[in-house]
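Peer 1: Take a look at structure_39.txt, compact mmCIF, C-alpha atoms and all ligand atoms:
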# COMPACT_ATOMS: atom_id res chain seq x y z
CA MET A 672 -98.66 8.88 293.95
CA LYS A 673 -96.34 8.10 296.90
CA SER A 674 -98.08 8.49 300.23
CA ASP A 675 -96.23 7.01 303.15
CA SER A 676 -92.88 5.53 304.05
CA LEU A 677 -92.55 2.81 306.63
CA SER A 678 -88.95 2.02 307.59
CA SER A 679 -88.45 -0.27 304.61
CA ASN A 680 -91.72 -0.03 302.70
CA SER A 681 -92.94 2.55 300.22
CA ILE A 682 -96.69 2.82 300.20
CA PHE A 683 -98.39 4.39 297.22
CA PHE A 684 -101.81 6.06 297.20
CA ASN A 685 -104.35 5.69 294.34
CA PHE A 686 -102.03 3.31 292.48
CA ASP A 687 -102.71 2.30 288.85
CA LEU A 688 -102.86 -1.53 288.57
CA SER A 689 -103.59 -1.73 284.82
CA SER A 690 -100.08 -2.97 284.04
CA LEU A 691 -100.11 -5.42 286.99
CA ASN A 692 -103.07 -7.51 285.80
CA THR A 693 -102.74 -9.48 282.55
CA LEU A 694 -106.26 -8.48 281.43
CA HIS A 695 -104.95 -4.87 281.68
CA LEU A 696 -108.25 -3.72 283.19
CA ASN A 697 -108.68 -0.22 284.52
CA SER A 698 -108.13 -0.59 288.26
CA TYR A 699 -106.78 1.59 291.06
CA ALA A 700 -105.69 0.48 294.52
CA GLU A 701 -106.38 2.88 297.36
CA TYR A 702 -102.98 1.89 298.78
CA PHE A 703 -100.26 -0.25 297.20
CA VAL A 704 -97.00 -1.73 298.46
CA GLU A 705 -94.38 -4.15 297.09
CA ILE A 706 -93.09 -6.76 299.52
CA GLU A 707 -89.65 -8.28 299.03
CA ASN A 708 -88.83 -9.61 302.48
CA ILE A 709 -90.54 -10.83 305.62
CA GLU A 710 -89.39 -7.81 307.70
CA GLN A 711 -91.34 -5.45 305.44
CA LEU A 712 -94.43 -7.57 306.00
CA LYS A 713 -93.96 -7.63 309.76
CA VAL A 714 -93.61 -3.82 309.85
CA LEU A 715 -96.91 -3.57 307.99
CA THR A 716 -98.80 -6.04 310.20
CA LYS A 717 -97.88 -3.82 313.19
CA ASN A 718 -98.78 -0.51 311.54
CA LEU A 719 -102.00 0.82 313.10
CA LYS A 720 -103.14 2.75 310.02
CA PHE A 721 -102.77 -0.17 307.61
CA ARG A 722 -103.49 -3.22 309.75
CA ASN A 723 -107.16 -2.33 310.08
CA MET A 724 -107.80 -1.94 306.35
CA PRO A 725 -108.76 -4.77 304.01
CA TRP A 726 -105.67 -6.33 302.38
CA LYS A 727 -105.50 -7.96 298.96
CA ILE A 728 -102.59 -10.04 297.70
CA LEU A 729 -101.35 -9.66 294.14
CA GLY A 730 -99.00 -12.14 292.46
CA GLY A 731 -98.59 -12.06 288.68
CA GLY A 732 -102.16 -10.73 288.24
CA SER A 733 -102.81 -13.40 285.61
CA ASN A 734 -105.94 -14.95 287.04
CA LEU A 735 -107.79 -11.92 288.36
CA VAL A 736 -110.62 -9.65 287.32
CA LEU A 737 -109.95 -6.38 289.13
CA PRO A 738 -112.67 -3.77 289.85
CA PRO A 739 -112.09 -0.09 288.97
CA LYS A 740 -111.48 0.84 292.63
CA ILE A 741 -109.96 -1.39 295.33
CA ASN A 742 -110.39 -0.12 298.86
CA GLY A 743 -107.61 -0.78 301.35
CA LEU A 744 -104.08 -2.06 300.74
CA VAL A 745 -102.89 -4.17 297.79
CA LEU A 746 -99.65 -6.07 298.47
CA LYS A 747 -97.58 -7.20 295.49
CA ILE A 748 -95.45 -10.16 296.53
CA ASN A 749 -91.94 -9.90 295.10
CA ASN A 750 -89.82 -12.19 297.29
CA LYS A 751 -87.27 -14.23 295.34
CA GLY A 752 -85.36 -17.48 295.87
CA LEU A 753 -85.11 -21.02 294.47
CA LYS A 754 -83.27 -23.86 296.14
CA LEU A 755 -83.00 -27.65 296.41
CA VAL A 756 -83.66 -28.11 300.14
CA SER A 757 -83.15 -31.88 300.34
CA GLU A 758 -83.31 -35.11 298.42
CA ASP A 759 -83.63 -38.83 299.10
CA ASN A 760 -83.60 -41.90 296.88
CA ASN A 761 -87.01 -41.12 295.45
CA PHE A 762 -87.59 -37.36 295.53
CA TRP A 763 -86.12 -33.89 295.17
CA TYR A 764 -87.55 -31.27 297.54
CA ILE A 765 -87.41 -27.81 295.97
CA ASN A 766 -88.40 -24.59 297.66
CA SER A 767 -89.44 -21.50 295.73
CA SER A 768 -90.39 -18.06 297.03
CA ALA A 769 -93.90 -16.97 296.11
CA GLY A 770 -92.67 -13.99 294.05
CA GLU A 771 -90.73 -16.11 291.55
CA ILE A 772 -92.23 -16.21 288.05
CA TRP A 773 -93.75 -19.68 287.53
CA ASN A 774 -92.01 -20.30 284.22
CA ASP A 775 -88.63 -19.24 285.71
CA LEU A 776 -89.05 -22.02 288.28
CA ILE A 777 -89.74 -24.52 285.47
CA GLN A 778 -86.71 -23.37 283.50
CA TRP A 779 -84.54 -23.65 286.63
CA THR A 780 -85.74 -27.21 287.36
CA LEU A 781 -85.10 -28.23 283.75
CA MET A 782 -81.61 -26.70 283.84
CA TYR A 783 -80.67 -28.76 286.93
CA GLY A 784 -82.36 -31.96 285.71
CA TYR A 785 -85.18 -31.97 288.30
CA PHE A 786 -87.68 -33.10 285.68
CA GLY A 787 -91.44 -33.34 286.21
CA LEU A 788 -92.96 -29.88 285.90
CA GLU A 789 -92.36 -29.58 282.12
CA ASN A 790 -96.06 -29.88 281.12
CA LEU A 791 -96.82 -26.77 283.16
CA SER A 792 -94.46 -24.63 281.06
CA LEU A 793 -95.38 -21.04 280.21
CA ILE A 794 -98.42 -20.83 282.48
CA PRO A 795 -98.43 -17.14 283.37
CA GLY A 796 -98.20 -15.90 286.95
CA THR A 797 -96.07 -16.38 290.02
CA VAL A 798 -95.24 -19.43 292.13
CA GLY A 799 -97.38 -18.07 294.99
CA ALA A 800 -100.47 -18.15 292.80
CA ALA A 801 -99.91 -21.74 291.61
CA PRO A 802 -101.38 -23.54 294.66
CA ILE A 803 -104.30 -21.11 294.97
CA GLN A 804 -106.07 -22.36 291.88
CA ASN A 805 -104.09 -25.61 291.50
CA ILE A 806 -102.80 -24.66 288.06
CA GLY A 807 -102.85 -27.38 285.44
CA ALA A 808 -102.17 -28.06 281.78
CA TYR A 809 -101.52 -30.96 279.40
CA GLY A 810 -102.62 -33.70 281.78
CA VAL A 811 -100.70 -32.44 284.83
CA GLU A 812 -101.83 -30.50 287.92
CA VAL A 813 -99.47 -28.74 290.32
CA LYS A 814 -101.13 -30.45 293.32
CA ASP A 815 -99.29 -33.65 292.40
CA PHE A 816 -95.96 -31.91 293.09
CA ILE A 817 -96.78 -29.71 296.08
CA TRP A 818 -95.37 -30.92 299.38
CA GLU A 819 -96.04 -27.91 301.58
CA VAL A 820 -97.34 -24.34 301.24
CA ASN A 821 -95.83 -21.93 303.73
CA CYS A 822 -98.14 -19.00 304.48
CA ILE A 823 -98.10 -15.89 306.64
CA ASP A 824 -101.21 -15.20 308.71
CA LEU A 825 -101.78 -11.55 307.89
CA LYS A 826 -103.62 -10.92 311.17
CA THR A 827 -100.74 -12.06 313.36
CA GLY A 828 -97.67 -12.08 311.08
CA VAL A 829 -97.07 -15.71 312.18
CA GLU A 830 -96.10 -18.47 309.70
CA LYS A 831 -98.50 -21.36 309.05
CA LYS A 832 -97.57 -24.37 306.94
CA PHE A 833 -100.24 -26.27 304.97
CA THR A 834 -99.43 -29.86 304.00
CA ASN A 835 -100.66 -31.09 300.62
CA SER A 836 -103.80 -32.68 302.09
CA GLU A 837 -104.57 -29.58 304.17
CA CYS A 838 -104.63 -27.53 300.95
CA LEU A 839 -107.84 -29.36 299.84
CA PHE A 840 -106.79 -29.30 296.22
CA ALA A 841 -109.38 -29.93 293.50
CA TYR A 842 -109.73 -28.97 289.85
CA ARG A 843 -108.67 -25.29 289.78
CA ASP A 844 -109.44 -25.02 293.46
CA SER A 845 -107.88 -25.11 296.94
CA ILE A 846 -108.52 -23.96 300.49
CA PHE A 847 -106.81 -20.65 299.62
CA LYS A 848 -109.57 -19.73 297.16
CA LYS A 849 -112.15 -19.75 299.94
CA MET A 850 -113.00 -16.42 301.53
CA SER A 851 -112.41 -17.51 305.10
CA HIS A 852 -108.78 -18.23 304.24
CA SER A 853 -108.04 -15.01 302.37
CA HIS A 854 -106.06 -13.72 305.32
CA TYR A 855 -103.27 -16.18 304.50
CA LEU A 856 -100.54 -14.95 302.21
CA VAL A 857 -98.56 -17.65 300.38
CA TRP A 858 -94.89 -16.88 301.14
CA ASP A 859 -93.09 -19.91 299.69
CA VAL A 860 -93.90 -23.34 298.30
CA THR A 861 -92.00 -26.63 298.67
CA PHE A 862 -92.34 -29.02 295.74
CA ARG A 863 -91.65 -32.76 295.94
CA ILE A 864 -90.50 -34.00 292.56
CA PRO A 865 -90.26 -37.76 291.95
CA LYS A 866 -86.95 -38.95 290.53
CA ASN A 867 -88.76 -41.53 288.39
CA ASN A 868 -90.49 -38.92 286.27
CA ILE A 869 -93.61 -40.12 284.44
CA LEU A 870 -93.96 -38.40 281.08
CA HIS A 871 -97.39 -37.16 279.99
CA LEU A 872 -97.49 -37.00 276.22
CA GLU A 873 -101.02 -38.17 275.57
CA TYR A 874 -102.76 -34.79 275.91
CA GLY A 875 -103.55 -32.63 272.87
CA ASP A 876 -100.90 -32.11 270.24
CA ILE A 877 -97.73 -32.76 272.27
CA ARG A 878 -96.54 -35.79 270.28
CA ALA A 879 -97.31 -34.14 266.93
CA GLU A 880 -95.44 -30.98 267.96
CA LEU A 881 -92.39 -32.97 269.13
CA LYS A 882 -92.33 -34.80 265.81
CA LYS A 883 -92.70 -31.60 263.83
CA LEU A 884 -89.78 -30.01 265.68
CA SER A 885 -87.70 -33.24 265.52
CA LEU A 886 -87.46 -33.24 269.31
CA LYS A 887 -87.07 -36.27 271.60
CA GLU A 888 -90.22 -37.69 273.26
CA ASP A 889 -88.35 -38.87 276.35
CA PHE A 890 -86.39 -35.67 277.12
CA PRO A 891 -88.38 -33.29 279.39
CA PRO A 892 -86.71 -30.05 278.20
CA HIS A 893 -87.88 -30.98 274.69
CA ILE A 894 -91.41 -31.66 275.95
CA ALA A 895 -91.31 -28.21 277.62
CA GLN A 896 -90.23 -26.67 274.30
CA ALA A 897 -93.09 -28.37 272.43
CA ILE A 898 -95.61 -27.14 275.01
CA VAL A 899 -94.24 -23.59 274.85
CA ASN A 900 -94.71 -23.71 271.07
CA ILE A 901 -98.28 -25.04 271.31
CA ARG A 902 -99.25 -22.44 273.92
CA GLN A 903 -97.71 -19.61 271.91
CA LYS A 904 -99.68 -20.66 268.82
CA LYS A 905 -103.01 -21.10 270.61
CA LEU A 906 -103.06 -18.54 273.41
CA PRO A 907 -102.75 -14.76 273.09
CA ASP A 908 -99.64 -13.17 274.62
CA PRO A 909 -100.92 -10.98 277.50
CA ARG A 910 -98.18 -8.43 276.78
CA ILE A 911 -99.84 -7.80 273.42
CA ILE A 912 -103.52 -8.47 274.13
CA GLY A 913 -104.98 -8.51 277.63
CA ASN A 914 -106.28 -11.91 278.79
CA ALA A 915 -106.38 -14.19 281.83
CA GLY A 916 -105.88 -17.57 280.12
CA SER A 917 -108.88 -19.90 280.22
CA PHE A 918 -111.76 -17.75 281.39
CA PHE A 919 -114.10 -20.63 282.31
CA LYS A 920 -113.51 -23.95 284.03
CA ASN A 921 -114.34 -27.08 282.07
CA PRO A 922 -117.69 -28.08 283.64
CA ILE A 923 -118.03 -31.56 285.12
CA VAL A 924 -121.30 -33.39 284.53
CA SER A 925 -122.75 -36.75 285.50
CA LYS A 926 -122.72 -39.72 283.11
CA VAL A 927 -126.49 -39.34 282.53
CA VAL A 928 -126.19 -35.67 281.56
CA HIS A 929 -123.16 -36.46 279.42
CA ASN A 930 -124.89 -39.28 277.54
CA ASP A 931 -127.99 -37.14 276.89
CA LEU A 932 -125.79 -34.38 275.47
CA LEU A 933 -123.83 -36.84 273.35
CA LYS A 934 -127.05 -38.10 271.75
CA LYS A 935 -127.97 -34.54 270.77
CA TYR A 936 -124.42 -33.42 269.92
CA PRO A 937 -122.32 -36.34 268.60
CA ASN A 938 -119.30 -34.02 268.24
CA LEU A 939 -119.32 -33.11 271.95
CA VAL A 940 -115.75 -32.85 273.31
CA SER A 941 -115.48 -34.51 276.71
CA TYR A 942 -113.12 -36.54 278.91
CA GLU A 943 -114.04 -39.14 281.49
CA VAL A 944 -112.84 -38.13 284.97
CA SER A 945 -113.10 -39.54 288.45
CA VAL A 946 -114.46 -37.13 291.06
CA LYS A 947 -115.30 -37.64 294.71
CA SER A 948 -119.10 -37.83 294.29
CA VAL A 949 -121.98 -36.53 292.22
CA LYS A 950 -124.71 -34.23 293.48
CA SER A 951 -127.76 -35.89 291.94
CA ASP A 952 -129.75 -32.64 291.75
CA LYS A 953 -127.17 -30.68 289.74
CA SER A 954 -125.74 -31.12 286.30
CA HIS A 955 -122.64 -29.12 287.23
CA ILE A 956 -120.85 -30.56 290.20
CA SER A 957 -117.75 -29.48 291.97
CA ASP A 958 -115.81 -31.76 294.26
CA LYS A 959 -114.86 -28.84 296.52
CA GLU A 960 -118.27 -28.98 298.23
CA ASP A 961 -118.07 -32.68 298.78
CA ASN A 962 -116.84 -34.51 301.82
CA SER A 963 -117.78 -37.95 300.56
CA GLU A 964 -114.89 -40.17 299.54
CA CYS A 965 -117.05 -42.12 297.08
CA LYS A 966 -115.43 -41.94 293.63
CA VAL A 967 -117.81 -41.60 290.71
CA ASN A 968 -116.98 -41.49 287.05
CA SER A 969 -118.13 -38.21 285.54
CA TYR A 970 -117.32 -36.24 282.42
CA LYS A 971 -115.41 -33.03 281.95
CA LEU A 972 -116.80 -31.06 279.01
CA ALA A 973 -114.53 -28.78 276.97
CA ALA A 974 -115.84 -25.31 277.85
CA GLY A 975 -114.04 -23.99 274.75
CA TRP A 976 -116.16 -26.26 272.56
CA LEU A 977 -119.43 -25.27 274.32
CA ILE A 978 -118.61 -21.56 273.88
CA ASP A 979 -117.51 -22.09 270.28
CA GLN A 980 -120.77 -23.95 269.47
CA SER A 981 -122.75 -21.14 271.10
CA GLY A 982 -121.31 -18.80 268.48
CA TRP A 983 -118.95 -16.81 270.70
CA LYS A 984 -115.56 -17.73 269.16
CA GLY A 985 -113.99 -14.53 267.81
CA LYS A 986 -117.09 -12.51 268.78
CA LYS A 987 -116.86 -9.15 270.55
CA LEU A 988 -119.12 -7.34 273.00
CA GLY A 989 -117.98 -3.74 273.47
CA LEU A 990 -114.26 -3.67 274.26
CA VAL A 991 -113.98 -7.37 275.12
CA GLY A 992 -114.50 -10.63 273.26
CA MET A 993 -113.63 -14.32 272.99
CA PHE A 994 -110.33 -15.02 271.24
CA GLU A 995 -110.58 -16.04 267.58
CA LYS A 996 -108.19 -19.00 267.94
CA GLN A 997 -109.48 -20.31 271.30
CA ALA A 998 -113.04 -19.61 272.45
CA LEU A 999 -112.14 -20.26 276.09
CA VAL A 1000 -109.98 -17.16 276.37
CA LEU A 1001 -111.63 -13.80 277.05
CA VAL A 1002 -109.59 -10.96 275.56
CA ASN A 1003 -109.55 -7.23 276.24
CA TYR A 1004 -109.26 -5.10 273.10
CA GLY A 1005 -109.66 -1.78 274.94
CA GLY A 1006 -106.52 -1.82 277.10
CA SER A 1007 -106.67 0.17 280.31
CA ILE A 1008 -109.96 1.90 279.48
CA THR A 1009 -111.85 -1.40 279.80
CA THR A 1010 -113.41 -2.10 283.20
CA SER A 1011 -114.47 -5.27 284.98
CA ASN A 1012 -118.11 -4.35 284.22
CA GLU A 1013 -117.57 -5.13 280.54
CA VAL A 1014 -115.91 -8.43 281.41
CA GLN A 1015 -118.78 -9.30 283.73
CA LYS A 1016 -121.36 -8.44 281.03
CA LEU A 1017 -119.71 -10.69 278.44
CA ALA A 1018 -119.20 -13.53 280.93
CA THR A 1019 -122.89 -13.38 281.93
CA GLU A 1020 -124.05 -13.46 278.28
CA ILE A 1021 -121.88 -16.50 277.58
CA ILE A 1022 -122.97 -18.31 280.75
CA ASN A 1023 -126.64 -17.71 279.78
CA ASP A 1024 -126.18 -18.78 276.15
CA VAL A 1025 -124.36 -22.00 277.08
CA LYS A 1026 -126.97 -22.74 279.75
CA ASN A 1027 -129.84 -22.20 277.27
CA LYS A 1028 -128.27 -24.30 274.54
CA PHE A 1029 -126.70 -27.15 276.52
CA GLY A 1030 -128.26 -26.88 280.00
CA VAL A 1031 -124.75 -26.71 281.46
CA GLN A 1032 -123.61 -24.09 283.97
CA LEU A 1033 -120.23 -22.48 283.23
CA GLU A 1034 -118.19 -21.05 286.06
CA PRO A 1035 -115.46 -18.41 285.59
CA GLU A 1036 -111.94 -19.55 286.37
CA PRO A 1037 -110.35 -16.21 287.40
CA ILE A 1038 -111.06 -14.70 290.79
CA PHE A 1039 -113.21 -11.53 290.82
CA TRP A 1040 -111.99 -9.05 293.49
N1 LIG A 1101 -112.40 -26.41 271.46
C1 LIG A 1101 -113.22 -25.94 270.47
N2 LIG A 1101 -113.21 -24.61 270.19
C2 LIG A 1101 -112.39 -23.75 270.83
C3 LIG A 1101 -111.54 -24.23 271.85
C4 LIG A 1101 -111.56 -25.57 272.15
O1 LIG A 1101 -113.97 -26.66 269.85
O2 LIG A 1101 -112.42 -22.56 270.51
C5 LIG A 1101 -112.39 -27.84 271.77
C6 LIG A 1101 -111.33 -28.56 270.98
O3 LIG A 1101 -111.88 -29.72 270.45
C7 LIG A 1101 -110.28 -28.93 272.00
C8 LIG A 1101 -111.08 -29.00 273.29
O4 LIG A 1101 -112.15 -28.07 273.13
O5 LIG A 1101 -109.67 -30.12 271.69
C9 LIG A 1101 -110.29 -28.65 274.52
O6 LIG A 1101 -109.66 -27.42 274.31
P1 LIG A 1101 -108.16 -27.11 274.79
O7 LIG A 1101 -107.33 -28.32 274.79
O8 LIG A 1101 -107.69 -25.96 274.01
O9 LIG A 1101 -108.45 -26.54 276.21
P2 LIG A 1101 -108.79 -27.24 277.56
O10 LIG A 1101 -108.33 -28.62 277.61
O11 LIG A 1101 -110.20 -27.01 277.86
C10 LIG A 1101 -107.22 -26.83 279.54
C11 LIG A 1101 -106.90 -25.73 280.51
C12 LIG A 1101 -105.85 -24.78 279.94
C13 LIG A 1101 -104.64 -25.58 279.52
C14 LIG A 1101 -105.10 -26.59 278.45
C15 LIG A 1101 -103.98 -27.46 277.98
C16 LIG A 1101 -108.96 -25.39 281.74
C17 LIG A 1101 -110.14 -24.51 281.97
N3 LIG A 1101 -108.10 -24.97 280.83
O12 LIG A 1101 -107.91 -26.29 278.49
O13 LIG A 1101 -105.48 -23.93 280.97
O14 LIG A 1101 -103.62 -24.76 279.00
O15 LIG A 1101 -106.07 -27.45 279.06
O16 LIG A 1101 -103.74 -28.45 278.89
O17 LIG A 1101 -108.83 -26.40 282.40
C18 LIG A 1101 -105.65 -21.80 281.98
O18 LIG A 1101 -106.05 -22.39 282.98
O19 LIG A 1101 -105.52 -20.55 281.94
C19 LIG A 1101 -105.34 -22.56 280.80
C20 LIG A 1101 -104.99 -22.00 279.65
Would you put the structure from the file into C-alpha cells?
Ligand code: EPU
Peer 2:
Amino acid sequence: MKSDSLSSNSIFFNFDLSSLNTLHLNSYAEYFVEIENIEQLKVLTKNLKFRNMPWKILGGGSNLVLPPKINGLVLKINNKGLKLVSEDNNFWYINSSAGEIWNDLIQWTLMYGYFGLENLSLIPGTVGAAPIQNIGAYGVEVKDFIWEVNCIDLKTGVEKKFTNSECLFAYRDSIFKKMSHSHYLVWDVTFRIPKNNILHLEYGDIRAELKKLSLKEDFPPHIAQAIVNIRQKKLPDPRIIGNAGSFFKNPIVSKVVHNDLLKKYPNLVSYEVSVKSVKSDKSHISDKEDNSECKVNSYKLAAGWLIDQSGWKGKKLGLVGMFEKQALVLVNYGGSITTSNEVQKLATEIINDVKNKFGVQLEPEPIFW
C-alpha cells in the first residue's frame, strides 16, 4: 500500500518483503522505500517523520533472516553504476554502486579483461552487501580486492569512506556487521584488482570441472564458467527454492580440539588456517573479537560435514529443512507462509545436535533482523 510521497521518493506502508529476501520468508516492513540516487536519501534524512524511526538497509536480501514484522523504514538500495576509475602499472581501480548485482559486476570485469574476481562468480546479492560479510568462495575472499567502502552516515547524510584496514575484515565478518555501525549505509565500493592475477584452482572441483567442459585452466572467464556450473549443480536456485546460501559459518577450532576430533572421526573434513589468536577457553574462536596480532594455526571444520554427520542432510522440520545435496544450505519449502520462527527452530536444533555430537559450536552466517 502506498502511503507517502516525498519529492522524489515513494514510501509504501505495510510492504510485503517475501519476494525481496531469497529465503522468501513471510515478512512485512512498516514502511518501505527504494533508493536510486543520493538526493532521495538526503530528502529522507531530513524528513521529520521518517528520520526518527529505525532504518534497515536491504540489498539483494540473500543473507538475511527477516522477522514477520519490521518496525520503521526499510530502504532498498538500487543505485547503479560501474566504472574503471583509474589504473597504474600494477592495479585497476574499479568503482561499483552498491545496488549493482554482484554477479553483474563479475561479468563486467571479465568482459573488459579486469581478471581476479572470477572465483566469486554467482554469489547471490548486491555489491553493497559484499563487504558486510566479506563474501568468499573457492579460496578467494572479497576483502583481498576491496580498496575502499564509501558509506553514508544515515544520521547526518554525510559520506564516510572506510579504507580496507578500517573495515576490520575477517572470515564472513566486517565492522559493518556490528550493531554500533548499522547506521552506515554502503553506497559504493572501490575494488583494487592486481594486473598480475593469481589463479586459484586448488579448491574443490574446479580443475575437474574445467577438464570436463574442455575449458582452459589459465583463462579466468573459463574458470568463472566452471564455478557457475559447480554452484548450479550443488546449490539450490533461490528463484525456485528459498535459501540463503551457506546457513552456518565453518567453525574454527584449535589444533588440540581438531586433533581430538580427528582421532574420533578419521573422516573429519577440515582445513588448516592461520588466525590472529586462539582463545584458550573456547573451542570455537572468532578472530573478530581479537586484537592480538599473534598468528596461530587453527583448523576450519566443514560445517556441511558436521551437519551431514548429525543426520540433518535432506531432513525437514515443518516447512524448512537442510538441502538434500548440500547439508550447509537451509531451504524453505513453504514459500511466503514460512516465518523466521521456523528457521530459528531448525537452526537451534542443528546447533544443539552438532554441539552434543562433536562439542563444536555452530554460528549462523546470515544476519537475523
Ligand atoms: N560436506 C559434506 N556433506 C555436505 C556438505 C559438505 O560432507 O552435505 C563436506 C564435503 O566433504 C565438502 C566439505 O564438507 O568437501 C566442504 O563443503 P563445501 O565445499 O560444499 O562447502 P564449504 O567449503 O564449507 C564454503 C562457503 C560457500 C562457498 C563454498 C565454495 C562457508 C560457510 N561457505 O563452503 O559459501 O560457496 O565454500 O567455496 O564458508 C555462502 O557463503 O553462502 C556460500 C555458499
Peer 1: Throw together the list of residues within 7 Å of ligand LIG 1101 (chain A), counting only C-alpha atoms and all ligand atoms, and drop it here as a list in words.
Peer 2: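 Using only C-alpha atoms and all ligand atoms, everything at most 7 Å from ligand LIG 1101 (chain A) comes to Ile806, Gly807, Ala808, Tyr809, Gly810, Gly875, Ala915, Gly916, Ser917, Phe918, Phe919, Lys920, Asn921, Val940, Ala973, Ala974, Gly975, Trp976, Asp979, Lys984, Lys996, Gln997, Ala998, Leu999 and Glu1036 of chain A.
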Peer 1: Would you mind telling me which residue in A:Val944, A:Ile772, A:Ile846, A:Ala879 lies nearest to Pro802 in chain A when using all atoms listed in the file?
Peer 2: A:Ile846
Peer 1: Which of these residues is nearest to Ile877 in chain A, using all atoms listed in the file: A:Asn697, A:Arg863, A:His893, A:Lys826?
Peer 2: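 The closest residue to Ile877 in chain A is A:His893.
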Peer 1: Find, counting all atoms listed in the file, the residue in A:Gln711, A:Gln804, A:Asn790, A:Thr1009 that gets nearest to Ile1038 in chain A.
Peer 2: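 For Ile1038 in chain A, the nearest of the given residues is A:Gln804.
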Peer 1: One decimal, Å: what's the distance from CA of Val756 in chain A over to CA of Ala841 in chain A, could you say?
Peer 2: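 Computed distance, CA of Val756 in chain A to CA of Ala841 in chain A, equals 26.6 Å.
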Peer 1: Which value, in Å to one decimal, gives the distance between CA of Ile741 in chain A and CA of Leu688 in chain A?
Peer 2: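 For CA of Ile741 in chain A relative to CA of Leu688 in chain A, the distance reads 9.8 Å.
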Peer 1: At what distance in Å, to one decimal, does CA of Val811 in chain A lie from CA of Asn761 in chain A?
Peer 2: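 These atoms are spaced 19.4 Å apart.
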Peer 1: Applying 9 Å and only C-alpha atoms, which residues near range 898-902 of chain A remain after dropping the ones on its own chain fewer than 4 positions away? List them as a CSV table (one decimal) with C-alpha atoms, keeping the file's coordinate frame.
Peer 2:
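That gives us out-v5.csv:
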chain,number,residue,atom,x,y,z
A,789,GLU,CA,-92.4,-29.6,282.1
A,790,ASN,CA,-96.1,-29.9,281.1
A,791,LEU,CA,-96.8,-26.8,283.2
A,792,SER,CA,-94.5,-24.6,281.1
A,793,LEU,CA,-95.4,-21.0,280.2
A,794,ILE,CA,-98.4,-20.8,282.5
A,809,TYR,CA,-101.5,-31.0,279.4
A,876,ASP,CA,-100.9,-32.1,270.2
A,877,ILE,CA,-97.7,-32.8,272.3
A,880,GLU,CA,-95.4,-31.0,268.0
A,881,LEU,CA,-92.4,-33.0,269.1
A,893,HIS,CA,-87.9,-31.0,274.7
A,894,ILE,CA,-91.4,-31.7,276.0
A,906,LEU,CA,-103.1,-18.5,273.4
A,907,PRO,CA,-102.8,-14.8,273.1
Peer 1: Just the residues within 10 Å of Lys747 in chain A, please, counting only C-alpha atoms, with nothing from its chain fewer than 3 positions along; format it as a PyMOL selection string.
Peer 2: chain A and resi 691+703-707+727-732+744+750+770
Peer 1: Using all atoms listed in the file, can you tell me which of A:Val857, A:Ala897, A:Val1031, A:Leu1001 comes closest to Leu932 in chain A?
Peer 2: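 Looking only at the distances to Leu932 in chain A, the closest residue turns out to be A:Val1031.
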Peer 1: Rank A:Ser925, A:Asn938, A:Asn1027, A:Asn914 by their smallest atom-to-atom distance to Met993 in chain A, using all atoms listed in the file, and report the top residue only.
Peer 2: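 For Met993 in chain A, the nearest of the given residues is A:Asn914.
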Peer 1: Quick one: everything within 9 Å of Pro892 in chain A, counting all atoms listed in the file, minus sequence neighbours fewer than 6 positions away in the same chain. Send it as a PyMOL selection string.
Peer 2: chain A and resi 778+781-782+784+786+789
Peer 1: Between A:Thr797, A:Thr1019, A:Asn766, A:Thr716, which one has atoms that come closest to Ile748 in chain A, using all atoms listed in the file?
Peer 2: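 Of A:Thr797, A:Thr1019, A:Asn766, A:Thr716, the one nearest Ile748 in chain A is A:Thr797, counting all atoms listed in the file.
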Peer 1: Extract range 683-693 of chain A from the structure I just pasted (atoms: N, CA and C atoms) and return it as a PDB file, in the first residue's frame.
Peer 2:
ATOM      1  N   PHE A 683       6.088   3.208   0.858  1.00  0.00           N
ATOM      2  CA  PHE A 683       4.980   2.269   0.954  1.00  0.00           C
ATOM      3  C   PHE A 683       4.773   1.853   2.410  1.00  0.00           C
ATOM      4  N   PHE A 684       3.506   1.595   2.758  1.00  0.00           N
ATOM      5  CA  PHE A 684       3.164   1.206   4.118  1.00  0.00           C
ATOM      6  C   PHE A 684       2.803  -0.276   4.128  1.00  0.00           C
ATOM      7  N   ASN A 685       3.209  -1.001   5.184  1.00  0.00           N
ATOM      8  CA  ASN A 685       2.913  -2.428   5.327  1.00  0.00           C
ATOM      9  C   ASN A 685       3.286  -3.189   4.051  1.00  0.00           C
ATOM     10  N   PHE A 686       4.563  -3.133   3.704  1.00  0.00           N
ATOM     11  CA  PHE A 686       5.061  -3.623   2.413  1.00  0.00           C
ATOM     12  C   PHE A 686       5.553  -5.068   2.521  1.00  0.00           C
ATOM     13  N   ASP A 687       5.083  -5.908   1.599  1.00  0.00           N
ATOM     14  CA  ASP A 687       5.420  -7.341   1.590  1.00  0.00           C
ATOM     15  C   ASP A 687       6.858  -7.543   1.079  1.00  0.00           C
ATOM     16  N   LEU A 688       7.717  -8.129   1.927  1.00  0.00           N
ATOM     17  CA  LEU A 688       9.130  -8.322   1.552  1.00  0.00           C
ATOM     18  C   LEU A 688       9.433  -9.766   1.133  1.00  0.00           C
ATOM     19  N   SER A 689       8.383 -10.611   0.995  1.00  0.00           N
ATOM     20  CA  SER A 689       8.664 -12.034   0.744  1.00  0.00           C
ATOM     21  C   SER A 689       9.412 -12.262  -0.569  1.00  0.00           C
ATOM     22  N   SER A 690       9.208 -11.380  -1.559  1.00  0.00           N
ATOM     23  CA  SER A 690       9.936 -11.580  -2.820  1.00  0.00           C
ATOM     24  C   SER A 690      11.278 -10.846  -2.808  1.00  0.00           C
ATOM     25  N   LEU A 691      11.573 -10.113  -1.748  1.00  0.00           N
ATOM     26  CA  LEU A 691      12.835  -9.360  -1.680  1.00  0.00           C
ATOM     27  C   LEU A 691      13.846  -9.990  -0.726  1.00  0.00           C
ATOM     28  N   ASN A 692      13.520 -11.212  -0.217  1.00  0.00           N
ATOM     29  CA  ASN A 692      14.543 -11.957   0.533  1.00  0.00           C
ATOM     30  C   ASN A 692      14.592 -13.347  -0.074  1.00  0.00           C
ATOM     31  N   THR A 693      15.816 -13.862  -0.305  1.00  0.00           N
ATOM     32  CA  THR A 693      15.950 -15.102  -1.085  1.00  0.00           C
ATOM     33  C   THR A 693      15.447 -16.338  -0.324  1.00  0.00           C
TER      34      THR A 693
END
